[in-house]
Amino acid sequence: MYQLVRKFLFQMDAEEVHEKTVHLLKVAEKSASGKSLLKMMYQVRDERLETKLWGITFPNPVGLAAGFDKNAEVYHALAALGFGFVEVGTITPQGQPGNPKPRLFRLVEHGAIINRMGFNNLGAYLASQNLIDYAYADIPIGINIGKNKITPNEHAASDYSKCLDMLYSYGHYFVINVSSPNTPNLRDLQETESLRSLIRAVKDKASELESRGAKAKPILLKVAPDMADEQMRDVVQAAVAEGISGIIATNTTLSREPVQDHPRANEAGGLSGKPLEARATAWVKEIYQEVGDKVPVIGVGGIFTGEDAYRKIRAGASLVQVYSGMAYQGPGIVKMINKQLLQFLKRDGFSHISEAVGVDAR
């Protein structure tokens with residue numbers, strides 16, 4: 001059914017479709033019967049898929065990556081669609097409009113998307129108001145935080161700390177995003193010493209909040225796929241040494257090699273979707289081999305099927321996230337992936353999803 005609807009939707013501007021989808025989800029989550037119907041249609045519950053990390057229970061390992069629910073407006077409806085967790089944001093201290101439109105492009109022939117959104121969001125205060133009842137979402141809610149575009153890198157730590165201060169009571173885990181290609185010079189913060197200083201500042205703010213009675217929350221780092229092997233090793237080792245709780249691999253890529261024949265290939269921004277799948281899975285494996293015995297890895301990039309997700313899990317991902325895949329596959333993607341994961345577990349003789357984590361990387 002979605003494939004028929006998609007033909008109509010893909011005739012519209014991509015960002016307009018996203019806005020309409022968020023609106024429909026808002027309508028659905030205001031209705032108890034609407035949410036119940038979504039749960040009945042899309043949720044898959046099975047103990048073999050339940051994952052526990054950082055003392056948090058994820059009902060299944062398939063989450064929604066940051067970038068969809070930018071202002072934490074529809075995470076209840078997304079939970080009803082069967083996601084095992086939802087990551088909201090990226091959220092900055094002050095609201096900002098992001099980059100000029102158009103800034104979101106489909107490359108349908110490649111199952112890809114290019115975006116240069118630029119952290120468009122309403123800011124940390126309004127997000128906090130939307131997150132007041134996050135604990136009633138039935139799934140873990142992660143909060144992805146970034147710096148404002150006008151904030152120079154030498155003051156970036158202040159922005160991340162402000163976000164944490166305003167939002168620490170409203171999420172299950174937090175993600176430091178220094179890997180988006182759409183905020184000028186943001187990826188420079190992945191340089192080892194800059195990253196160490198940033199993580200220390202964020203961790204210090206977390207410790208301050210915890211000393212005042214806040215519950216401790218895991219803080220993760222999201223990395224870019226466009227680093228050399230040596231730099232990636234330096235980044236993840238430095239992050240773990242500074243006490244980061246997990247690594248998300250990866251953000252979008254600036255590479256256009258897989259889509260260079262497409263007329264939209266020269267659009268500025270990060271490329272996501274199918275062309276990123278192999279690259280992201282390779283990074284999951286390398287990061288798992290580097291630090292997988294110390295912190296969990298979350299795999300994201302090009303997941304359209306259960307086979308894609310399972311490949312990342314076997315490469316070392318304890319959890320996975322989708323985004324572009326949902327745009328192309330529709331709201332049934334989580335149900336499809338979870339059902340296929342159960343088939344793969346049975347085929348390979350695993351009694352639980354955790355047994356598959358990293359089997360191809362050891």
# chains A, B, ... in the order shown; residues from 1 in each chain; ligands from 1
>>> residues_around(residues="stretch 257-269 of chain A", least_positions_apart="6", cutoff="10 Å", atoms="only C-alpha atoms", output="list in words")
Arg103, Leu104, Phe105, Arg106, Leu107, Val108, Glu109, His110, Gly111, Ala112, Ile113, Ile114, Asn115, Arg116, Met117, Gly118, Ser180, Pro181, Asn182, Thr183, Pro275 and Leu276 of chain A
>>> write_last_selection(atoms="C-alpha atoms", output="PDB file, in the first residue's frame")
ATOM      1  CA  ARG A 103      17.577  21.682   1.389  1.00  0.00           C
ATOM      2  CA  LEU A 104      16.255  18.119   1.169  1.00  0.00           C
ATOM      3  CA  PHE A 105      16.556  16.048  -2.011  1.00  0.00           C
ATOM      4  CA  ARG A 106      15.627  12.492  -3.006  1.00  0.00           C
ATOM      5  CA  LEU A 107      17.843  10.447  -5.295  1.00  0.00           C
ATOM      6  CA  VAL A 108      15.218   7.803  -5.917  1.00  0.00           C
ATOM      7  CA  GLU A 109      17.224   5.677  -8.336  1.00  0.00           C
ATOM      8  CA  HIS A 110      19.826   5.170  -5.613  1.00  0.00           C
ATOM      9  CA  GLY A 111      17.492   4.925  -2.614  1.00  0.00           C
ATOM     10  CA  ALA A 112      19.294   7.963  -1.224  1.00  0.00           C
ATOM     11  CA  ILE A 113      18.676  11.384   0.281  1.00  0.00           C
ATOM     12  CA  ILE A 114      20.849  14.492   0.369  1.00  0.00           C
ATOM     13  CA  ASN A 115      20.095  16.995   3.113  1.00  0.00           C
ATOM     14  CA  ARG A 116      21.609  20.279   4.206  1.00  0.00           C
ATOM     15  CA  MET A 117      19.016  21.137   6.846  1.00  0.00           C
ATOM     16  CA  GLY A 118      21.469  22.841   9.211  1.00  0.00           C
ATOM     17  CA  SER A 180      26.851  16.822  10.782  1.00  0.00           C
ATOM     18  CA  PRO A 181      28.298  18.254   7.553  1.00  0.00           C
ATOM     19  CA  ASN A 182      25.685  21.015   7.423  1.00  0.00           C
ATOM     20  CA  THR A 183      26.937  23.385  10.144  1.00  0.00           C
ATOM     21  CA  PRO A 275      24.787   4.199  -0.826  1.00  0.00           C
ATOM     22  CA  LEU A 276      25.955   4.646   2.784  1.00  0.00           C
TER      23      LEU A 276
END
>>> closest_atom_pairs(of="stretch 289-344 of chain A", to="stretch 35-47 of chain A", cutoff="9 Å", atoms="only C-alpha atoms", output="tab-separated table")
residue	atom	partner	partner_atom	distance
A:Pro331	CA	A:Tyr42	CA	7.9
A:Gly332	CA	A:Tyr42	CA	6.2
A:Ile333	CA	A:Tyr42	CA	8.8
A:Val334	CA	A:Tyr42	CA	7.5
A:Lys335	CA	A:Tyr42	CA	5.5
A:Met336	CA	A:Tyr42	CA	8.8
A:Asn338	CA	A:Val44	CA	6.8
A:Lys339	CA	A:Val44	CA	7.4
A:Leu342	CA	A:Asp46	CA	8.6
>>> select_by_dssp(residues="stretch 174-297 of chain A", states="alpha helix (DSSP H)", output="ChimeraX atom specification")
/A:192-211,229-241,277-291
>>> write_last_selection(atoms="N, CA and C atoms", output="compact mmCIF listing (two decimals), in the first residue's frame")
# COMPACT_ATOMS: atom_id res chain seq x y z
N THR A 192 41.10 15.57 17.83
CA THR A 192 41.21 14.86 19.10
C THR A 192 41.17 15.77 20.32
N GLU A 193 42.02 16.79 20.35
CA GLU A 193 42.07 17.64 21.54
C GLU A 193 40.80 18.46 21.71
N SER A 194 40.24 18.95 20.59
CA SER A 194 38.97 19.68 20.66
C SER A 194 37.87 18.78 21.20
N LEU A 195 37.87 17.54 20.73
CA LEU A 195 36.85 16.59 21.16
C LEU A 195 37.00 16.28 22.65
N ARG A 196 38.22 16.06 23.08
CA ARG A 196 38.45 15.78 24.51
C ARG A 196 37.91 16.92 25.38
N SER A 197 38.22 18.16 24.99
CA SER A 197 37.78 19.31 25.77
C SER A 197 36.25 19.41 25.78
N LEU A 198 35.64 19.14 24.63
CA LEU A 198 34.19 19.21 24.55
C LEU A 198 33.54 18.15 25.43
N ILE A 199 34.02 16.92 25.34
CA ILE A 199 33.43 15.85 26.15
C ILE A 199 33.61 16.14 27.63
N ARG A 200 34.78 16.65 28.02
CA ARG A 200 35.02 16.98 29.43
C ARG A 200 34.03 18.02 29.92
N ALA A 201 33.79 19.04 29.08
CA ALA A 201 32.85 20.09 29.49
C ALA A 201 31.44 19.53 29.67
N VAL A 202 31.02 18.68 28.74
CA VAL A 202 29.68 18.08 28.83
C VAL A 202 29.59 17.15 30.03
N LYS A 203 30.62 16.35 30.23
CA LYS A 203 30.63 15.44 31.39
C LYS A 203 30.65 16.22 32.70
N ASP A 204 31.39 17.32 32.74
CA ASP A 204 31.42 18.15 33.95
C ASP A 204 30.03 18.71 34.24
N LYS A 205 29.34 19.16 33.20
CA LYS A 205 27.98 19.67 33.40
C LYS A 205 27.05 18.56 33.90
N ALA A 206 27.20 17.36 33.34
CA ALA A 206 26.38 16.23 33.81
C ALA A 206 26.66 15.94 35.28
N SER A 207 27.93 15.96 35.67
CA SER A 207 28.30 15.70 37.08
C SER A 207 27.70 16.76 37.99
N GLU A 208 27.74 18.02 37.54
CA GLU A 208 27.15 19.11 38.32
C GLU A 208 25.66 18.89 38.53
N LEU A 209 24.96 18.50 37.45
CA LEU A 209 23.52 18.26 37.55
C LEU A 209 23.22 17.06 38.45
N GLU A 210 24.05 16.04 38.35
CA GLU A 210 23.85 14.85 39.20
C GLU A 210 24.12 15.16 40.66
N SER A 211 25.06 16.07 40.94
CA SER A 211 25.33 16.46 42.33
C SER A 211 24.15 17.19 42.95
N ASP A 229 41.10 6.04 8.60
CA ASP A 229 41.10 5.01 9.64
C ASP A 229 41.80 5.47 10.90
N GLU A 230 42.96 6.09 10.75
CA GLU A 230 43.73 6.49 11.92
C GLU A 230 43.00 7.56 12.72
N GLN A 231 42.37 8.50 12.02
CA GLN A 231 41.63 9.55 12.73
C GLN A 231 40.44 8.96 13.46
N MET A 232 39.72 8.02 12.83
CA MET A 232 38.59 7.40 13.48
C MET A 232 39.04 6.67 14.75
N ARG A 233 40.13 5.96 14.68
CA ARG A 233 40.64 5.28 15.87
C ARG A 233 40.98 6.28 16.97
N ASP A 234 41.62 7.38 16.60
CA ASP A 234 41.96 8.41 17.58
C ASP A 234 40.70 8.99 18.22
N VAL A 235 39.70 9.24 17.40
CA VAL A 235 38.46 9.84 17.89
C VAL A 235 37.76 8.92 18.89
N VAL A 236 37.55 7.66 18.52
CA VAL A 236 36.81 6.77 19.41
C VAL A 236 37.62 6.43 20.67
N GLN A 237 38.94 6.30 20.53
CA GLN A 237 39.75 6.03 21.71
C GLN A 237 39.73 7.22 22.67
N ALA A 238 39.82 8.44 22.12
CA ALA A 238 39.76 9.63 22.96
C ALA A 238 38.40 9.75 23.64
N ALA A 239 37.34 9.47 22.90
CA ALA A 239 36.00 9.56 23.46
C ALA A 239 35.80 8.58 24.60
N VAL A 240 36.25 7.36 24.41
CA VAL A 240 36.11 6.35 25.46
C VAL A 240 36.96 6.73 26.67
N ALA A 241 38.17 7.21 26.42
CA ALA A 241 39.05 7.62 27.52
C ALA A 241 38.43 8.74 28.35
N GLU A 277 25.24 2.33 3.14
CA GLU A 277 25.10 1.10 3.94
C GLU A 277 26.43 0.38 4.15
N ALA A 278 27.15 0.09 3.09
CA ALA A 278 28.39 -0.68 3.22
C ALA A 278 29.44 0.10 4.00
N ARG A 279 29.54 1.39 3.72
CA ARG A 279 30.52 2.24 4.39
C ARG A 279 30.24 2.30 5.89
N ALA A 280 28.97 2.52 6.26
CA ALA A 280 28.60 2.62 7.67
C ALA A 280 28.81 1.28 8.39
N THR A 281 28.49 0.19 7.73
CA THR A 281 28.67 -1.14 8.35
C THR A 281 30.15 -1.42 8.57
N ALA A 282 30.98 -1.02 7.62
CA ALA A 282 32.43 -1.21 7.79
C ALA A 282 32.94 -0.43 9.00
N TRP A 283 32.42 0.80 9.20
CA TRP A 283 32.84 1.59 10.35
C TRP A 283 32.34 0.97 11.65
N VAL A 284 31.13 0.45 11.65
CA VAL A 284 30.62 -0.24 12.85
C VAL A 284 31.58 -1.36 13.24
N LYS A 285 31.99 -2.14 12.25
CA LYS A 285 32.89 -3.26 12.53
C LYS A 285 34.23 -2.78 13.08
N GLU A 286 34.82 -1.76 12.46
CA GLU A 286 36.12 -1.27 12.91
C GLU A 286 36.03 -0.65 14.30
N ILE A 287 34.96 0.09 14.57
CA ILE A 287 34.81 0.71 15.88
C ILE A 287 34.56 -0.36 16.94
N TYR A 288 33.76 -1.35 16.59
CA TYR A 288 33.52 -2.45 17.54
C TYR A 288 34.83 -3.16 17.87
N GLN A 289 35.64 -3.39 16.86
CA GLN A 289 36.94 -4.05 17.10
C GLN A 289 37.85 -3.18 17.95
N GLU A 290 37.69 -1.88 17.84
CA GLU A 290 38.54 -0.94 18.57
C GLU A 290 38.09 -0.78 20.02
N VAL A 291 36.77 -0.60 20.25
CA VAL A 291 36.29 -0.26 21.60
C VAL A 291 35.05 -1.04 22.02
>>> residues_around(residues="A:Met166", least_positions_apart="2", cutoff="12 Å", atoms="only C-alpha atoms", output="PyMOL selection string")
chain A and resi 91-94+123-129+131-132+143+145+159-164+168-171+205-206+209+214
>>> atom_distance(atom1="atom CA of A:Ile313", atom2="atom CA of A:Val357")
5.0 Å
>>> atom_distance(atom1="atom CA of A:Arg48", atom2="atom CA of A:Gln343")
11.1 Å
>>> atom_distance(atom1="atom CA of A:Ser324", atom2="atom CA of A:Phe304")
8.0 Å
>>> residues_around(residues="A:Val5", least_positions_apart="5", cutoff="12 Å", atoms="only C-alpha atoms", output="ChimeraX atom specification")
/A:10-12,17,327-331
>>> closest_residue(among="A:Glu87, A:Asp360, A:Glu15, A:Asp138", to="A:Tyr173", atoms="only C-alpha atoms")
A:Glu87
>>> select_by_dssp(residues="stretch 59-238 of chain A", states="strand (DSSP E)", output="ChimeraX atom specification")
/A:62-64,85-91,94-96,104-107,112-115,121-123,141-145,173-177,219-223
>>> write_last_selection(atoms="N, CA and C atoms", output="mmCIF file, in the first residue's frame")
data_model
loop_
_atom_site.group_PDB
_atom_site.id
_atom_site.type_symbol
_atom_site.label_atom_id
_atom_site.label_comp_id
_atom_site.auth_asym_id
_atom_site.auth_seq_id
_atom_site.Cartn_x
_atom_site.Cartn_y
_atom_site.Cartn_z
ATOM 1 N N VAL A 62 15.638 -1.660 17.041
ATOM 2 C CA VAL A 62 15.476 -0.791 15.872
ATOM 3 C C VAL A 62 14.948 0.575 16.312
ATOM 4 N N GLY A 63 15.776 1.606 16.175
ATOM 5 C CA GLY A 63 15.390 2.952 16.565
ATOM 6 C C GLY A 63 15.264 3.884 15.378
ATOM 7 N N LEU A 64 14.774 5.081 15.656
ATOM 8 C CA LEU A 64 14.692 6.136 14.648
ATOM 9 C C LEU A 64 15.803 7.140 14.918
ATOM 10 N N PHE A 85 13.298 2.579 20.135
ATOM 11 C CA PHE A 85 13.712 3.832 20.762
ATOM 12 C C PHE A 85 13.660 4.920 19.696
ATOM 13 N N VAL A 86 13.586 6.165 20.129
ATOM 14 C CA VAL A 86 13.548 7.309 19.221
ATOM 15 C C VAL A 86 14.546 8.344 19.709
ATOM 16 N N GLU A 87 15.331 8.859 18.775
ATOM 17 C CA GLU A 87 16.290 9.920 19.095
ATOM 18 C C GLU A 87 15.781 11.225 18.499
ATOM 19 N N VAL A 88 15.484 12.193 19.353
ATOM 20 C CA VAL A 88 14.949 13.470 18.893
ATOM 21 C C VAL A 88 16.096 14.461 18.677
ATOM 22 N N GLY A 89 15.798 15.543 17.931
ATOM 23 C CA GLY A 89 16.819 16.547 17.657
ATOM 24 C C GLY A 89 17.302 16.450 16.217
ATOM 25 N N THR A 90 18.386 17.125 15.906
ATOM 26 C CA THR A 90 19.339 17.761 16.789
ATOM 27 C C THR A 90 18.760 19.061 17.355
ATOM 28 N N ILE A 91 18.977 19.254 18.671
ATOM 29 C CA ILE A 91 18.468 20.418 19.379
ATOM 30 C C ILE A 91 19.637 21.329 19.743
ATOM 31 N N GLN A 94 19.486 27.784 21.280
ATOM 32 C CA GLN A 94 18.505 28.721 20.750
ATOM 33 C C GLN A 94 17.913 28.156 19.459
ATOM 34 N N GLY A 95 16.663 28.456 19.234
ATOM 35 C CA GLY A 95 16.056 28.037 17.981
ATOM 36 C C GLY A 95 16.741 28.698 16.794
ATOM 37 N N GLN A 96 16.749 28.005 15.664
ATOM 38 C CA GLN A 96 17.352 28.580 14.459
ATOM 39 C C GLN A 96 16.653 27.993 13.237
ATOM 40 N N LEU A 104 16.480 19.560 1.007
ATOM 41 C CA LEU A 104 16.255 18.119 1.169
ATOM 42 C C LEU A 104 15.901 17.540 -0.194
ATOM 43 N N PHE A 105 16.688 16.544 -0.645
ATOM 44 C CA PHE A 105 16.556 16.048 -2.011
ATOM 45 C C PHE A 105 16.576 14.523 -2.050
ATOM 46 N N ARG A 106 15.649 13.944 -2.818
ATOM 47 C CA ARG A 106 15.627 12.492 -3.006
ATOM 48 C C ARG A 106 16.423 12.118 -4.246
ATOM 49 N N LEU A 107 17.183 11.046 -4.137
ATOM 50 C CA LEU A 107 17.843 10.447 -5.295
ATOM 51 C C LEU A 107 17.241 9.050 -5.429
ATOM 52 N N ALA A 112 18.470 7.059 -2.026
ATOM 53 C CA ALA A 112 19.294 7.963 -1.224
ATOM 54 C C ALA A 112 18.599 9.293 -0.992
ATOM 55 N N ILE A 113 19.137 10.033 -0.024
ATOM 56 C CA ILE A 113 18.676 11.384 0.281
ATOM 57 C C ILE A 113 19.896 12.257 0.525
ATOM 58 N N ILE A 114 19.855 13.480 0.014
ATOM 59 C CA ILE A 114 20.849 14.492 0.369
ATOM 60 C C ILE A 114 20.127 15.569 1.170
ATOM 61 N N ASN A 115 20.692 15.911 2.341
ATOM 62 C CA ASN A 115 20.095 16.995 3.113
ATOM 63 C C ASN A 115 21.158 17.981 3.558
ATOM 64 N N ASN A 121 15.621 23.940 14.206
ATOM 65 C CA ASN A 121 14.835 23.487 15.358
ATOM 66 C C ASN A 121 14.370 24.691 16.156
ATOM 67 N N LEU A 122 13.463 24.445 17.102
ATOM 68 C CA LEU A 122 12.856 25.535 17.876
ATOM 69 C C LEU A 122 13.628 25.885 19.142
ATOM 70 N N GLY A 123 14.697 25.153 19.421
ATOM 71 C CA GLY A 123 15.507 25.466 20.583
ATOM 72 C C GLY A 123 15.217 24.574 21.778
ATOM 73 N N ILE A 141 13.869 7.418 25.020
ATOM 74 C CA ILE A 141 13.969 8.608 24.182
ATOM 75 C C ILE A 141 15.371 9.184 24.330
ATOM 76 N N GLY A 142 16.090 9.264 23.220
ATOM 77 C CA GLY A 142 17.405 9.881 23.215
ATOM 78 C C GLY A 142 17.299 11.322 22.751
ATOM 79 N N ILE A 143 18.236 12.153 23.180
ATOM 80 C CA ILE A 143 18.240 13.564 22.797
ATOM 81 C C ILE A 143 19.587 13.893 22.165
ATOM 82 N N ASN A 144 19.536 14.294 20.906
ATOM 83 C CA ASN A 144 20.722 14.640 20.136
ATOM 84 C C ASN A 144 20.936 16.148 20.235
ATOM 85 N N ILE A 145 22.121 16.582 20.690
ATOM 86 C CA ILE A 145 22.361 17.997 20.933
ATOM 87 C C ILE A 145 23.504 18.524 20.065
ATOM 88 N N TYR A 173 18.902 9.062 27.218
ATOM 89 C CA TYR A 173 20.324 9.182 26.890
ATOM 90 C C TYR A 173 20.521 10.422 26.024
ATOM 91 N N PHE A 174 21.789 10.856 25.910
ATOM 92 C CA PHE A 174 22.115 12.056 25.143
ATOM 93 C C PHE A 174 23.208 11.743 24.123
ATOM 94 N N VAL A 175 23.196 12.498 23.027
ATOM 95 C CA VAL A 175 24.163 12.298 21.951
ATOM 96 C C VAL A 175 24.824 13.622 21.620
ATOM 97 N N ILE A 176 26.144 13.654 21.681
ATOM 98 C CA ILE A 176 26.911 14.814 21.233
ATOM 99 C C ILE A 176 27.096 14.689 19.728
ATOM 100 N N ASN A 177 26.510 15.630 18.996
ATOM 101 C CA ASN A 177 26.591 15.602 17.528
ATOM 102 C C ASN A 177 27.639 16.608 17.064
ATOM 103 N N ILE A 219 25.934 9.361 27.946
ATOM 104 C CA ILE A 219 26.220 10.364 26.930
ATOM 105 C C ILE A 219 27.021 9.703 25.821
ATOM 106 N N LEU A 220 26.497 9.756 24.596
ATOM 107 C CA LEU A 220 27.095 9.087 23.445
ATOM 108 C C LEU A 220 27.693 10.113 22.486
ATOM 109 N N LEU A 221 28.505 9.635 21.566
ATOM 110 C CA LEU A 221 29.109 10.473 20.533
ATOM 111 C C LEU A 221 28.714 9.934 19.164
ATOM 112 N N LYS A 222 28.249 10.825 18.262
ATOM 113 C CA LYS A 222 27.935 10.429 16.894
ATOM 114 C C LYS A 222 29.061 10.876 15.978
ATOM 115 N N VAL A 223 29.604 9.939 15.193
ATOM 116 C CA VAL A 223 30.793 10.228 14.388
ATOM 117 C C VAL A 223 30.455 10.245 12.898
#
